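Student: Attaching a single structure in structure tokens format; questions to follow.
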Amino acid sequence: MPDDAVTMDKIVSLCKRRGIIFPASEIYGGIANTYDYGHYGVLLKRNVVDAWWQAMIGDRDDIVALDSAIIQHPRTWEASGHLAGFTDPLVDCRTCGQRFRADHLDAEHDVRCPRKPSVLPGQGPDCNLTEAREFNLMFETTIGPVQEAGSTVYLRPETAQGIFLDFKTVLGFARRKPPFGIAQVGKSFRNEITPGNFIFRTLEFEQMEMEYFVPPDDAHRWYLHWLEARMDWYERLGIRGDHLRLRAHEQDELSHYSSATSDVEYLYPIGWQELEGIANRGNFDLTQHAQYSGEKLEYFDQQSGERYVPHVIEPAAGVGRATLALLCDAYDEDELGGEARTVLKLHPRMAPVKVAVLPLVRKDGQPELAHEVRNLLRRRMQTEYDEGGSIGRRYRRQDEIGTPWCVTIDHQSLEDRTVTVRDRDTLTQDRVAIDELPDVLAGKLEAAWISPKVAA
Ligand code: GAP
């Protein structure tokens, strides 16, 4: 179990208090396992996605981007195996009407009887559970106004299948040959029955998936490559190395398509949990879609005359889980001037706001100069202006959303055009000339960073 101050309840309450992430449909009492991202949540999530695109297509030449449809031809899910096999075993309680996962009715999963929370479902005096039934996790809907045969479609449960369907088209225009990858970020949907845990498991969620197509004989080598590359990526986001691990799946855990899978796991407040799965999918998907569609999905090497169905290595990550890992890893509490402080010690490049510009007082020309400074910085980095409340309270507000630097305009600023730069982690305040400020802050943003919680 984690050893620092963070608990899931504290993360939930900070996220709600600062409008980072909060329950959806709240005015109607909320809806199960569904959350909305507010201003700072959107900025944080966008930084995660941008960092992923940078690693996939900014830093490499062998991967191209795709944005495929959420609703695909229903045969897609027959071919992929989702229609037949993407199920959870569920039981219903005839007394309270709640539904539970049959494989989560043990103390480890901590699911409670809603009528008698001191016991597990099925153990209360009034519990009356049905037999377990297999329940498909795909959301079904219909195309067209009439619910007629043949019009049933599904919201995608993973973005990956859209990539396989477009393999041939992309191969045609991308002028790439294996090894090459197709990357996609987008929403996926699963009708999950879950015990809460905030945004860890939600009904709709964003995935960052990349299918890397390789010659069959090279698959294992590339699988190992992606294990290492993806672990490195999380460390580059500033997540502490001792809170990350790779866990290889046992043979009986493997999905139907996989010959090897490892999870990148993070030590969340609820224990070690999956952040990302990296799978060797072999040629399962291309072969299945070729069979169901009648299209040849293979690669022909004109130089060697060789024809083959590429094998696929898939790093599949969740935006929400990465965002949650960042929040948990950064959360800290300390004491400042005799007052408790909550602070997100995020990697500056991940922080929703990089710099807050704060006039010490709301008079004497300080707000005007602060606006000038804000305008100087806003094109270089996400900047916020705040003049409401005491300077201490404003610092505290920025600490809570993880802003690494606060620039304060005071009476001296009007005399010599210098400002103070307060550092969120060291709490030092340095005087910097306004003209030099954009470069000074941009330099800090580019600098190497390790979590101050590592040294603590
Ligand atoms: N294409 C392979 C695939 O979808 P997965 O392990 O089921 O594999 C990949 O999902 C990642 O998507 C997970 O590691 C997790 O980060 C995220 N994810 C999956 N289901 C989720 C859910 N219900 N809520 C939030 N994130 C989820």
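In the structure tokens, chains take letters A, B, ... by order of appearance, with residues numbered from 1 within each chain and ligands from 1 in the order shown.
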Taking only C-alpha atoms and all ligand atoms into account, which residues are within 6 Å of ligand 1, as a short mmCIF file (atom, residue, chain, number, x, y, z; two decimals) with C-alpha atoms, in the first residue's frame?
Tutor:
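Generated output (part-v1.cif):
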data_model
loop_
_atom_site.label_atom_id
_atom_site.label_comp_id
_atom_site.auth_asym_id
_atom_site.auth_seq_id
_atom_site.Cartn_x
_atom_site.Cartn_y
_atom_site.Cartn_z
CA GLU A 158 -11.74 -0.12 -27.75
CA ALA A 160 -8.04 -0.53 -31.71
CA ARG A 190 -17.94 -0.23 -21.66
CA PHE A 200 -10.27 4.54 -12.51
CA ARG A 201 -13.03 2.58 -14.26
CA THR A 202 -15.76 4.50 -16.01
CA LEU A 203 -18.47 3.77 -18.56
CA PHE A 205 -13.23 6.77 -21.21
CA GLN A 207 -7.94 5.52 -24.85
CA GLU A 274 -3.33 -1.39 -14.50
CA LEU A 275 -2.39 1.87 -16.16
CA GLU A 276 -1.73 0.46 -19.61
CA GLY A 277 -1.67 -2.92 -21.33
CA ALA A 316 -3.07 0.58 -25.06
CA ALA A 317 -3.31 3.29 -22.41
CA GLY A 318 -6.17 5.09 -20.67
CA GLY A 320 -8.21 8.88 -17.32
CA ARG A 321 -5.95 6.37 -15.59
#
Student: Show me, as a PyMOL selection string, the residues that have an atom within 12 Å of Gly81 of chain A when counting only C-alpha atoms, minus same-chain residues fewer than 4 positions from it.
Tutor: chain A and resi 74-77+85-87+136+138+157+161+255-257+284-285+288-289+292
Student: Limited to N, CA, C and O atoms, could you put the picked residues into a file as an mmCIF file, in the first residue's frame?
Tutor:
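Once written, part_13.cif looks like this:
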data_model
loop_
_atom_site.group_PDB
_atom_site.id
_atom_site.type_symbol
_atom_site.label_atom_id
_atom_site.label_comp_id
_atom_site.auth_asym_id
_atom_site.auth_seq_id
_atom_site.Cartn_x
_atom_site.Cartn_y
_atom_site.Cartn_z
ATOM 1 N N PRO A 74 -21.388 -3.444 -37.652
ATOM 2 C CA PRO A 74 -21.524 -4.421 -36.551
ATOM 3 C C PRO A 74 -20.710 -5.701 -36.739
ATOM 4 O O PRO A 74 -20.344 -6.349 -35.753
ATOM 5 N N ARG A 75 -20.401 -6.042 -37.987
ATOM 6 C CA ARG A 75 -19.592 -7.256 -38.215
ATOM 7 C C ARG A 75 -18.209 -7.118 -37.573
ATOM 8 O O ARG A 75 -17.555 -8.109 -37.261
ATOM 9 N N THR A 76 -17.760 -5.862 -37.394
ATOM 10 C CA THR A 76 -16.468 -5.608 -36.744
ATOM 11 C C THR A 76 -16.344 -6.396 -35.447
ATOM 12 O O THR A 76 -15.318 -7.017 -35.161
ATOM 13 N N TRP A 77 -17.424 -6.353 -34.659
ATOM 14 C CA TRP A 77 -17.365 -6.921 -33.300
ATOM 15 C C TRP A 77 -17.587 -8.420 -33.288
ATOM 16 O O TRP A 77 -17.247 -9.087 -32.321
ATOM 17 N N GLY A 85 -17.412 -12.751 -26.795
ATOM 18 C CA GLY A 85 -16.595 -13.007 -25.607
ATOM 19 C C GLY A 85 -16.294 -11.847 -24.692
ATOM 20 O O GLY A 85 -15.613 -12.027 -23.681
ATOM 21 N N PHE A 86 -16.804 -10.633 -25.002
ATOM 22 C CA PHE A 86 -16.430 -9.489 -24.165
ATOM 23 C C PHE A 86 -17.459 -9.342 -23.045
ATOM 24 O O PHE A 86 -18.326 -8.466 -23.045
ATOM 25 N N THR A 87 -17.370 -10.248 -22.079
ATOM 26 C CA THR A 87 -18.425 -10.330 -21.065
ATOM 27 C C THR A 87 -17.840 -10.348 -19.654
ATOM 28 O O THR A 87 -16.680 -10.703 -19.458
ATOM 29 N N ASN A 136 -22.671 -8.915 -21.703
ATOM 30 C CA ASN A 136 -21.759 -8.259 -22.649
ATOM 31 C C ASN A 136 -21.557 -6.802 -22.270
ATOM 32 O O ASN A 136 -22.502 -6.103 -21.908
ATOM 33 N N MET A 138 -20.564 -4.348 -24.175
ATOM 34 C CA MET A 138 -20.723 -3.330 -25.222
ATOM 35 C C MET A 138 -22.088 -2.652 -25.114
ATOM 36 O O MET A 138 -23.103 -3.310 -24.900
ATOM 37 N N PRO A 157 -15.860 -0.605 -27.855
ATOM 38 C CA PRO A 157 -15.295 -0.828 -26.518
ATOM 39 C C PRO A 157 -13.782 -0.628 -26.497
ATOM 40 O O PRO A 157 -13.161 -0.671 -25.435
ATOM 41 N N GLN A 161 -9.960 -1.491 -32.890
ATOM 42 C CA GLN A 161 -10.550 -2.149 -34.069
ATOM 43 C C GLN A 161 -10.660 -1.206 -35.262
ATOM 44 O O GLN A 161 -10.513 -1.630 -36.409
ATOM 45 N N SER A 255 -5.880 -12.278 -22.950
ATOM 46 C CA SER A 255 -7.069 -12.143 -23.782
ATOM 47 C C SER A 255 -6.994 -13.160 -24.910
ATOM 48 O O SER A 255 -5.909 -13.651 -25.245
ATOM 49 N N HIS A 256 -8.161 -13.396 -25.552
ATOM 50 C CA HIS A 256 -8.218 -14.433 -26.596
ATOM 51 C C HIS A 256 -7.250 -14.149 -27.746
ATOM 52 O O HIS A 256 -6.792 -15.042 -28.418
ATOM 53 N N TYR A 257 -6.913 -12.855 -27.962
ATOM 54 C CA TYR A 257 -6.090 -12.500 -29.124
ATOM 55 C C TYR A 257 -4.596 -12.466 -28.805
ATOM 56 O O TYR A 257 -3.783 -12.295 -29.695
ATOM 57 N N PHE A 284 -3.908 -12.021 -35.165
ATOM 58 C CA PHE A 284 -5.314 -12.352 -34.898
ATOM 59 C C PHE A 284 -6.283 -11.384 -35.579
ATOM 60 O O PHE A 284 -7.173 -11.786 -36.317
ATOM 61 N N ASP A 285 -6.109 -10.101 -35.356
ATOM 62 C CA ASP A 285 -7.130 -9.137 -35.801
ATOM 63 C C ASP A 285 -7.174 -9.010 -37.320
ATOM 64 O O ASP A 285 -8.257 -9.011 -37.914
ATOM 65 N N GLN A 288 -8.727 -12.146 -38.771
ATOM 66 C CA GLN A 288 -10.178 -12.209 -38.546
ATOM 67 C C GLN A 288 -10.923 -11.265 -39.482
ATOM 68 O O GLN A 288 -11.907 -11.626 -40.096
ATOM 69 N N HIS A 289 -10.439 -10.003 -39.571
ATOM 70 C CA HIS A 289 -11.150 -9.027 -40.410
ATOM 71 C C HIS A 289 -11.035 -9.399 -41.893
ATOM 72 O O HIS A 289 -11.958 -9.139 -42.663
ATOM 73 N N TYR A 292 -13.720 -12.122 -42.301
ATOM 74 C CA TYR A 292 -15.111 -11.650 -42.220
ATOM 75 C C TYR A 292 -15.463 -10.673 -43.340
ATOM 76 O O TYR A 292 -16.607 -10.562 -43.734
#
Student: Would you pick out the contacts of Ile313 of chain A at 9 Å or less, using only C-alpha atoms, so that residues sharing its chain but fewer than 6 positions from it are not included, and give the list as a PDB file with all heavy atoms, in the first residue's frame?
Tutor:
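In the end it all went to around_30.pdb:
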ATOM      1  N   GLY A 181       3.478   2.003 -37.354  1.00  0.00           N
ATOM      2  CA  GLY A 181       2.350   2.000 -36.427  1.00  0.00           C
ATOM      3  C   GLY A 181       1.268   2.981 -36.825  1.00  0.00           C
ATOM      4  O   GLY A 181       1.505   3.936 -37.574  1.00  0.00           O
ATOM      5  N   MET A 210      -2.022   2.383 -29.867  1.00  0.00           N
ATOM      6  CA  MET A 210      -1.186   2.358 -31.064  1.00  0.00           C
ATOM      7  C   MET A 210      -0.994   0.906 -31.476  1.00  0.00           C
ATOM      8  O   MET A 210      -0.649   0.063 -30.646  1.00  0.00           O
ATOM      9  CB  MET A 210       0.169   3.021 -30.751  1.00  0.00           C
ATOM     10  CG  MET A 210       0.970   3.405 -31.971  1.00  0.00           C
ATOM     11  SD  MET A 210       1.935   2.054 -32.598  1.00  0.00           S
ATOM     12  CE  MET A 210       3.127   1.833 -31.287  1.00  0.00           C
ATOM     13  N   GLU A 211      -1.295   0.628 -32.735  1.00  0.00           N
ATOM     14  CA  GLU A 211      -1.091  -0.726 -33.260  1.00  0.00           C
ATOM     15  C   GLU A 211       0.165  -0.662 -34.114  1.00  0.00           C
ATOM     16  O   GLU A 211       0.240   0.086 -35.091  1.00  0.00           O
ATOM     17  CB  GLU A 211      -2.301  -1.170 -34.096  1.00  0.00           C
ATOM     18  CG  GLU A 211      -3.658  -1.004 -33.399  1.00  0.00           C
ATOM     19  CD  GLU A 211      -3.785  -1.739 -32.075  1.00  0.00           C
ATOM     20  OE1 GLU A 211      -3.312  -2.883 -31.994  1.00  0.00           O
ATOM     21  OE2 GLU A 211      -4.340  -1.148 -31.114  1.00  0.00           O
ATOM     22  N   TYR A 212       1.156  -1.464 -33.722  1.00  0.00           N
ATOM     23  CA  TYR A 212       2.456  -1.435 -34.394  1.00  0.00           C
ATOM     24  C   TYR A 212       2.601  -2.720 -35.200  1.00  0.00           C
ATOM     25  O   TYR A 212       2.646  -3.818 -34.641  1.00  0.00           O
ATOM     26  CB  TYR A 212       3.553  -1.308 -33.319  1.00  0.00           C
ATOM     27  CG  TYR A 212       4.861  -0.811 -33.855  1.00  0.00           C
ATOM     28  CD1 TYR A 212       5.018   0.495 -34.303  1.00  0.00           C
ATOM     29  CD2 TYR A 212       5.966  -1.659 -33.899  1.00  0.00           C
ATOM     30  CE1 TYR A 212       6.227   0.943 -34.791  1.00  0.00           C
ATOM     31  CE2 TYR A 212       7.185  -1.209 -34.384  1.00  0.00           C
ATOM     32  CZ  TYR A 212       7.301   0.092 -34.828  1.00  0.00           C
ATOM     33  OH  TYR A 212       8.508   0.552 -35.312  1.00  0.00           O
ATOM     34  N   PHE A 213       2.612  -2.571 -36.537  1.00  0.00           N
ATOM     35  CA  PHE A 213       2.598  -3.715 -37.459  1.00  0.00           C
ATOM     36  C   PHE A 213       4.033  -4.117 -37.805  1.00  0.00           C
ATOM     37  O   PHE A 213       4.809  -3.273 -38.279  1.00  0.00           O
ATOM     38  CB  PHE A 213       1.820  -3.348 -38.725  1.00  0.00           C
ATOM     39  CG  PHE A 213       0.392  -2.956 -38.438  1.00  0.00           C
ATOM     40  CD1 PHE A 213       0.047  -1.623 -38.218  1.00  0.00           C
ATOM     41  CD2 PHE A 213      -0.615  -3.914 -38.355  1.00  0.00           C
ATOM     42  CE1 PHE A 213      -1.263  -1.262 -37.932  1.00  0.00           C
ATOM     43  CE2 PHE A 213      -1.927  -3.563 -38.067  1.00  0.00           C
ATOM     44  CZ  PHE A 213      -2.245  -2.222 -37.856  1.00  0.00           C
ATOM     45  N   VAL A 214       4.356  -5.370 -37.569  1.00  0.00           N
ATOM     46  CA  VAL A 214       5.756  -5.806 -37.745  1.00  0.00           C
ATOM     47  C   VAL A 214       5.827  -7.122 -38.505  1.00  0.00           C
ATOM     48  O   VAL A 214       4.860  -7.898 -38.513  1.00  0.00           O
ATOM     49  CB  VAL A 214       6.447  -5.988 -36.356  1.00  0.00           C
ATOM     50  CG1 VAL A 214       6.424  -4.693 -35.561  1.00  0.00           C
ATOM     51  CG2 VAL A 214       5.801  -7.108 -35.558  1.00  0.00           C
ATOM     52  N   ALA A 219       8.220  -9.898 -33.998  1.00  0.00           N
ATOM     53  CA  ALA A 219       7.187  -9.472 -33.045  1.00  0.00           C
ATOM     54  C   ALA A 219       7.705  -9.425 -31.605  1.00  0.00           C
ATOM     55  O   ALA A 219       7.477  -8.446 -30.887  1.00  0.00           O
ATOM     56  CB  ALA A 219       5.972 -10.389 -33.148  1.00  0.00           C
ATOM     57  N   HIS A 220       8.430 -10.458 -31.191  1.00  0.00           N
ATOM     58  CA  HIS A 220       8.842 -10.482 -29.785  1.00  0.00           C
ATOM     59  C   HIS A 220       9.810  -9.341 -29.471  1.00  0.00           C
ATOM     60  O   HIS A 220       9.710  -8.690 -28.418  1.00  0.00           O
ATOM     61  CB  HIS A 220       9.455 -11.831 -29.414  1.00  0.00           C
ATOM     62  CG  HIS A 220       9.688 -11.954 -27.942  1.00  0.00           C
ATOM     63  ND1 HIS A 220       8.663 -11.935 -27.017  1.00  0.00           N
ATOM     64  CD2 HIS A 220      10.847 -12.025 -27.226  1.00  0.00           C
ATOM     65  CE1 HIS A 220       9.168 -12.007 -25.801  1.00  0.00           C
ATOM     66  NE2 HIS A 220      10.493 -12.065 -25.890  1.00  0.00           N
ATOM     67  N   TRP A 222       9.951  -6.440 -30.892  1.00  0.00           N
ATOM     68  CA  TRP A 222       9.218  -5.173 -30.792  1.00  0.00           C
ATOM     69  C   TRP A 222       8.351  -5.129 -29.543  1.00  0.00           C
ATOM     70  O   TRP A 222       8.136  -4.060 -28.961  1.00  0.00           O
ATOM     71  CB  TRP A 222       8.377  -4.927 -32.047  1.00  0.00           C
ATOM     72  CG  TRP A 222       9.225  -4.409 -33.171  1.00  0.00           C
ATOM     73  CD1 TRP A 222       9.566  -5.053 -34.316  1.00  0.00           C
ATOM     74  CD2 TRP A 222       9.865  -3.123 -33.220  1.00  0.00           C
ATOM     75  NE1 TRP A 222      10.381  -4.259 -35.088  1.00  0.00           N
ATOM     76  CE2 TRP A 222      10.575  -3.059 -34.433  1.00  0.00           C
ATOM     77  CE3 TRP A 222       9.916  -2.019 -32.367  1.00  0.00           C
ATOM     78  CZ2 TRP A 222      11.316  -1.947 -34.817  1.00  0.00           C
ATOM     79  CZ3 TRP A 222      10.655  -0.911 -32.740  1.00  0.00           C
ATOM     80  CH2 TRP A 222      11.343  -0.877 -33.943  1.00  0.00           C
ATOM     81  N   TYR A 223       7.855  -6.262 -29.106  1.00  0.00           N
ATOM     82  CA  TYR A 223       7.083  -6.311 -27.850  1.00  0.00           C
ATOM     83  C   TYR A 223       7.981  -5.807 -26.701  1.00  0.00           C
ATOM     84  O   TYR A 223       7.585  -4.932 -25.924  1.00  0.00           O
ATOM     85  CB  TYR A 223       6.628  -7.753 -27.625  1.00  0.00           C
ATOM     86  CG  TYR A 223       5.988  -8.037 -26.285  1.00  0.00           C
ATOM     87  CD1 TYR A 223       4.787  -7.450 -25.926  1.00  0.00           C
ATOM     88  CD2 TYR A 223       6.601  -8.917 -25.385  1.00  0.00           C
ATOM     89  CE1 TYR A 223       4.201  -7.725 -24.694  1.00  0.00           C
ATOM     90  CE2 TYR A 223       6.012  -9.204 -24.165  1.00  0.00           C
ATOM     91  CZ  TYR A 223       4.819  -8.598 -23.825  1.00  0.00           C
ATOM     92  OH  TYR A 223       4.245  -8.869 -22.610  1.00  0.00           O
ATOM     93  N   TRP A 226       8.531  -2.037 -26.879  1.00  0.00           N
ATOM     94  CA  TRP A 226       7.427  -1.186 -26.422  1.00  0.00           C
ATOM     95  C   TRP A 226       7.219  -1.260 -24.916  1.00  0.00           C
ATOM     96  O   TRP A 226       6.784  -0.282 -24.293  1.00  0.00           O
ATOM     97  CB  TRP A 226       6.148  -1.487 -27.220  1.00  0.00           C
ATOM     98  CG  TRP A 226       6.247  -0.835 -28.568  1.00  0.00           C
ATOM     99  CD1 TRP A 226       6.440  -1.443 -29.775  1.00  0.00           C
ATOM    100  CD2 TRP A 226       6.252   0.578 -28.836  1.00  0.00           C
ATOM    101  NE1 TRP A 226       6.543  -0.501 -30.784  1.00  0.00           N
ATOM    102  CE2 TRP A 226       6.424   0.747 -30.231  1.00  0.00           C
ATOM    103  CE3 TRP A 226       6.116   1.714 -28.044  1.00  0.00           C
ATOM    104  CZ2 TRP A 226       6.477   2.015 -30.834  1.00  0.00           C
ATOM    105  CZ3 TRP A 226       6.158   2.974 -28.642  1.00  0.00           C
ATOM    106  CH2 TRP A 226       6.333   3.110 -30.026  1.00  0.00           C
ATOM    107  N   ILE A 278       0.195  -3.734 -22.645  1.00  0.00           N
ATOM    108  CA  ILE A 278       1.000  -3.841 -23.873  1.00  0.00           C
ATOM    109  C   ILE A 278       0.915  -5.297 -24.312  1.00  0.00           C
ATOM    110  O   ILE A 278       1.333  -6.196 -23.575  1.00  0.00           O
ATOM    111  CB  ILE A 278       2.461  -3.423 -23.612  1.00  0.00           C
ATOM    112  CG1 ILE A 278       2.478  -1.961 -23.158  1.00  0.00           C
ATOM    113  CG2 ILE A 278       3.318  -3.600 -24.883  1.00  0.00           C
ATOM    114  CD1 ILE A 278       3.552  -1.631 -22.189  1.00  0.00           C
ATOM    115  N   ALA A 279       0.304  -5.505 -25.497  1.00  0.00           N
ATOM    116  CA  ALA A 279       0.005  -6.875 -25.908  1.00  0.00           C
ATOM    117  C   ALA A 279       0.667  -7.220 -27.235  1.00  0.00           C
ATOM    118  O   ALA A 279       0.790  -6.373 -28.117  1.00  0.00           O
ATOM    119  CB  ALA A 279      -1.509  -7.052 -26.050  1.00  0.00           C
ATOM    120  N   ASN A 280       1.075  -8.470 -27.340  1.00  0.00           N
ATOM    121  CA  ASN A 280       1.475  -9.031 -28.633  1.00  0.00           C
ATOM    122  C   ASN A 280       0.224  -9.714 -29.186  1.00  0.00           C
ATOM    123  O   ASN A 280      -0.143 -10.800 -28.745  1.00  0.00           O
ATOM    124  CB  ASN A 280       2.615 -10.032 -28.416  1.00  0.00           C
ATOM    125  CG  ASN A 280       3.075 -10.643 -29.733  1.00  0.00           C
ATOM    126  OD1 ASN A 280       2.410 -10.511 -30.755  1.00  0.00           O
ATOM    127  ND2 ASN A 280       4.216 -11.310 -29.702  1.00  0.00           N
ATOM    128  N   ARG A 281      -0.458  -9.047 -30.131  1.00  0.00           N
ATOM    129  CA  ARG A 281      -1.734  -9.552 -30.638  1.00  0.00           C
ATOM    130  C   ARG A 281      -1.535 -10.514 -31.797  1.00  0.00           C
ATOM    131  O   ARG A 281      -2.517 -10.972 -32.395  1.00  0.00           O
ATOM    132  CB  ARG A 281      -2.638  -8.394 -31.078  1.00  0.00           C
ATOM    133  CG  ARG A 281      -3.062  -7.471 -29.957  1.00  0.00           C
ATOM    134  CD  ARG A 281      -3.977  -6.336 -30.424  1.00  0.00           C
ATOM    135  NE  ARG A 281      -5.337  -6.765 -30.638  1.00  0.00           N
ATOM    136  CZ  ARG A 281      -6.422  -6.276 -30.004  1.00  0.00           C
ATOM    137  NH1 ARG A 281      -6.286  -5.320 -29.110  1.00  0.00           N
ATOM    138  NH2 ARG A 281      -7.623  -6.727 -30.266  1.00  0.00           N
ATOM    139  N   GLY A 282      -0.293 -10.785 -32.156  1.00  0.00           N
ATOM    140  CA  GLY A 282      -0.040 -11.677 -33.288  1.00  0.00           C
ATOM    141  C   GLY A 282      -0.743 -11.160 -34.530  1.00  0.00           C
ATOM    142  O   GLY A 282      -0.870  -9.948 -34.729  1.00  0.00           O
TER     143      GLY A 282
END
Student: Taking only segment 216-422 of chain A into account, list the residues labelled strand (DSSP E or B) by DSSP (computed from the backbone), as number ranges by chain.
Tutor: A: 244-248, 260-268, 271-282, 299-301, 306-308, 311-318, 331-336, 339-344, 355-359, 383-385, 405-409, 418-422
Student: Extract, using only C-alpha atoms, all DNA, RNA and protein residues at most 7 Å from segment 26-43 of chain A, discarding same-chain residues fewer than 4 positions from it, and format them as JSON, numbers by chain.
Tutor: {"A": [19, 20, 21, 22, 47, 196, 202, 203, 352]}
Student: Can you write just those residues out, all heavy atoms, as a PDB file, in the first residue's frame?
Tutor:
ATOM      1  N   GLY A  19     -12.878  22.008  -9.132  1.00  0.00           N
ATOM      2  CA  GLY A  19     -13.526  21.851 -10.439  1.00  0.00           C
ATOM      3  C   GLY A  19     -12.641  21.153 -11.455  1.00  0.00           C
ATOM      4  O   GLY A  19     -12.721  21.437 -12.648  1.00  0.00           O
ATOM      5  N   ILE A  20     -11.802  20.246 -10.994  1.00  0.00           N
ATOM      6  CA  ILE A  20     -10.922  19.525 -11.927  1.00  0.00           C
ATOM      7  C   ILE A  20     -11.731  18.399 -12.589  1.00  0.00           C
ATOM      8  O   ILE A  20     -11.861  18.344 -13.810  1.00  0.00           O
ATOM      9  CB  ILE A  20      -9.670  18.975 -11.193  1.00  0.00           C
ATOM     10  CG1 ILE A  20      -8.882  20.127 -10.531  1.00  0.00           C
ATOM     11  CG2 ILE A  20      -8.770  18.195 -12.149  1.00  0.00           C
ATOM     12  CD1 ILE A  20      -7.741  19.691  -9.609  1.00  0.00           C
ATOM     13  N   ILE A  21     -12.295  17.536 -11.765  1.00  0.00           N
ATOM     14  CA  ILE A  21     -13.140  16.423 -12.250  1.00  0.00           C
ATOM     15  C   ILE A  21     -14.261  16.243 -11.222  1.00  0.00           C
ATOM     16  O   ILE A  21     -13.987  16.265 -10.012  1.00  0.00           O
ATOM     17  CB  ILE A  21     -12.333  15.103 -12.345  1.00  0.00           C
ATOM     18  CG1 ILE A  21     -11.093  15.288 -13.240  1.00  0.00           C
ATOM     19  CG2 ILE A  21     -13.196  13.961 -12.879  1.00  0.00           C
ATOM     20  CD1 ILE A  21     -10.071  14.169 -13.137  1.00  0.00           C
ATOM     21  N   PHE A  22     -15.488  16.090 -11.704  1.00  0.00           N
ATOM     22  CA  PHE A  22     -16.606  15.963 -10.764  1.00  0.00           C
ATOM     23  C   PHE A  22     -17.686  15.060 -11.379  1.00  0.00           C
ATOM     24  O   PHE A  22     -17.691  14.846 -12.601  1.00  0.00           O
ATOM     25  CB  PHE A  22     -17.179  17.343 -10.405  1.00  0.00           C
ATOM     26  CG  PHE A  22     -17.208  18.299 -11.571  1.00  0.00           C
ATOM     27  CD1 PHE A  22     -18.272  18.293 -12.456  1.00  0.00           C
ATOM     28  CD2 PHE A  22     -16.144  19.179 -11.799  1.00  0.00           C
ATOM     29  CE1 PHE A  22     -18.294  19.152 -13.545  1.00  0.00           C
ATOM     30  CE2 PHE A  22     -16.155  20.041 -12.899  1.00  0.00           C
ATOM     31  CZ  PHE A  22     -17.239  20.029 -13.772  1.00  0.00           C
ATOM     32  N   ASN A  47      -2.687  17.819 -21.581  1.00  0.00           N
ATOM     33  CA  ASN A  47      -1.232  17.672 -21.483  1.00  0.00           C
ATOM     34  C   ASN A  47      -0.809  16.205 -21.583  1.00  0.00           C
ATOM     35  O   ASN A  47       0.228  15.887 -22.164  1.00  0.00           O
ATOM     36  CB  ASN A  47      -0.714  18.280 -20.173  1.00  0.00           C
ATOM     37  CG  ASN A  47      -0.848  19.793 -20.161  1.00  0.00           C
ATOM     38  OD1 ASN A  47      -0.955  20.422 -21.222  1.00  0.00           O
ATOM     39  ND2 ASN A  47      -0.882  20.390 -18.987  1.00  0.00           N
ATOM     40  N   GLY A 196     -16.831   1.828  -7.894  1.00  0.00           N
ATOM     41  CA  GLY A 196     -16.467   3.239  -7.691  1.00  0.00           C
ATOM     42  C   GLY A 196     -15.026   3.470  -8.068  1.00  0.00           C
ATOM     43  O   GLY A 196     -14.633   3.182  -9.194  1.00  0.00           O
ATOM     44  N   THR A 202     -14.556   3.738 -15.708  1.00  0.00           N
ATOM     45  CA  THR A 202     -15.761   4.503 -16.012  1.00  0.00           C
ATOM     46  C   THR A 202     -16.466   3.887 -17.227  1.00  0.00           C
ATOM     47  O   THR A 202     -15.895   3.053 -17.929  1.00  0.00           O
ATOM     48  CB  THR A 202     -15.389   5.971 -16.315  1.00  0.00           C
ATOM     49  OG1 THR A 202     -14.301   5.997 -17.227  1.00  0.00           O
ATOM     50  CG2 THR A 202     -14.993   6.711 -15.056  1.00  0.00           C
ATOM     51  N   LEU A 203     -17.697   4.329 -17.430  1.00  0.00           N
ATOM     52  CA  LEU A 203     -18.468   3.771 -18.556  1.00  0.00           C
ATOM     53  C   LEU A 203     -17.932   4.276 -19.891  1.00  0.00           C
ATOM     54  O   LEU A 203     -17.905   3.558 -20.868  1.00  0.00           O
ATOM     55  CB  LEU A 203     -19.948   4.165 -18.439  1.00  0.00           C
ATOM     56  CG  LEU A 203     -20.680   3.726 -17.183  1.00  0.00           C
ATOM     57  CD1 LEU A 203     -22.164   4.047 -17.305  1.00  0.00           C
ATOM     58  CD2 LEU A 203     -20.503   2.236 -16.940  1.00  0.00           C
ATOM     59  N   PRO A 352      -1.695  21.966 -15.256  1.00  0.00           N
ATOM     60  CA  PRO A 352      -2.713  22.631 -16.094  1.00  0.00           C
ATOM     61  C   PRO A 352      -2.343  24.085 -16.380  1.00  0.00           C
ATOM     62  O   PRO A 352      -2.492  24.555 -17.499  1.00  0.00           O
ATOM     63  CB  PRO A 352      -3.982  22.562 -15.244  1.00  0.00           C
ATOM     64  CG  PRO A 352      -3.748  21.522 -14.216  1.00  0.00           C
ATOM     65  CD  PRO A 352      -2.268  21.388 -14.024  1.00  0.00           C
TER      66      PRO A 352
END
Student: Can you tell me, as number ranges by chain, what residues are no more than 12 Å from Trp449 of chain A when counting only C-alpha atoms, ignoring any on the same chain fewer than 6 positions away?
Tutor: A: 235-240, 345-350, 404, 425, 443, 455
Student: Grab the residues selected above and save them as a short mmCIF file (atom, residue, chain, number, x, y, z; two decimals), in the first residue's frame with C-alpha atoms.
Tutor:
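Result file is again-v9.cif:
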data_model
loop_
_atom_site.label_atom_id
_atom_site.label_comp_id
_atom_site.auth_asym_id
_atom_site.auth_seq_id
_atom_site.Cartn_x
_atom_site.Cartn_y
_atom_site.Cartn_z
CA GLU A 235 8.67 8.30 -15.91
CA ARG A 236 9.09 11.23 -18.27
CA LEU A 237 5.69 12.51 -17.10
CA GLY A 238 7.32 12.79 -13.68
CA ILE A 239 5.71 9.74 -12.10
CA ARG A 240 7.96 8.23 -9.43
CA LYS A 345 3.63 18.59 -7.13
CA LEU A 346 3.05 17.91 -10.81
CA HIS A 347 5.78 17.89 -13.42
CA PRO A 348 5.66 21.53 -14.65
CA ARG A 349 5.04 20.34 -18.21
CA MET A 350 1.98 18.42 -17.01
CA PRO A 404 4.67 25.56 -10.56
CA ASP A 425 8.01 23.20 -4.39
CA GLY A 443 13.97 27.58 -19.50
CA ALA A 455 13.75 13.26 -2.22
#
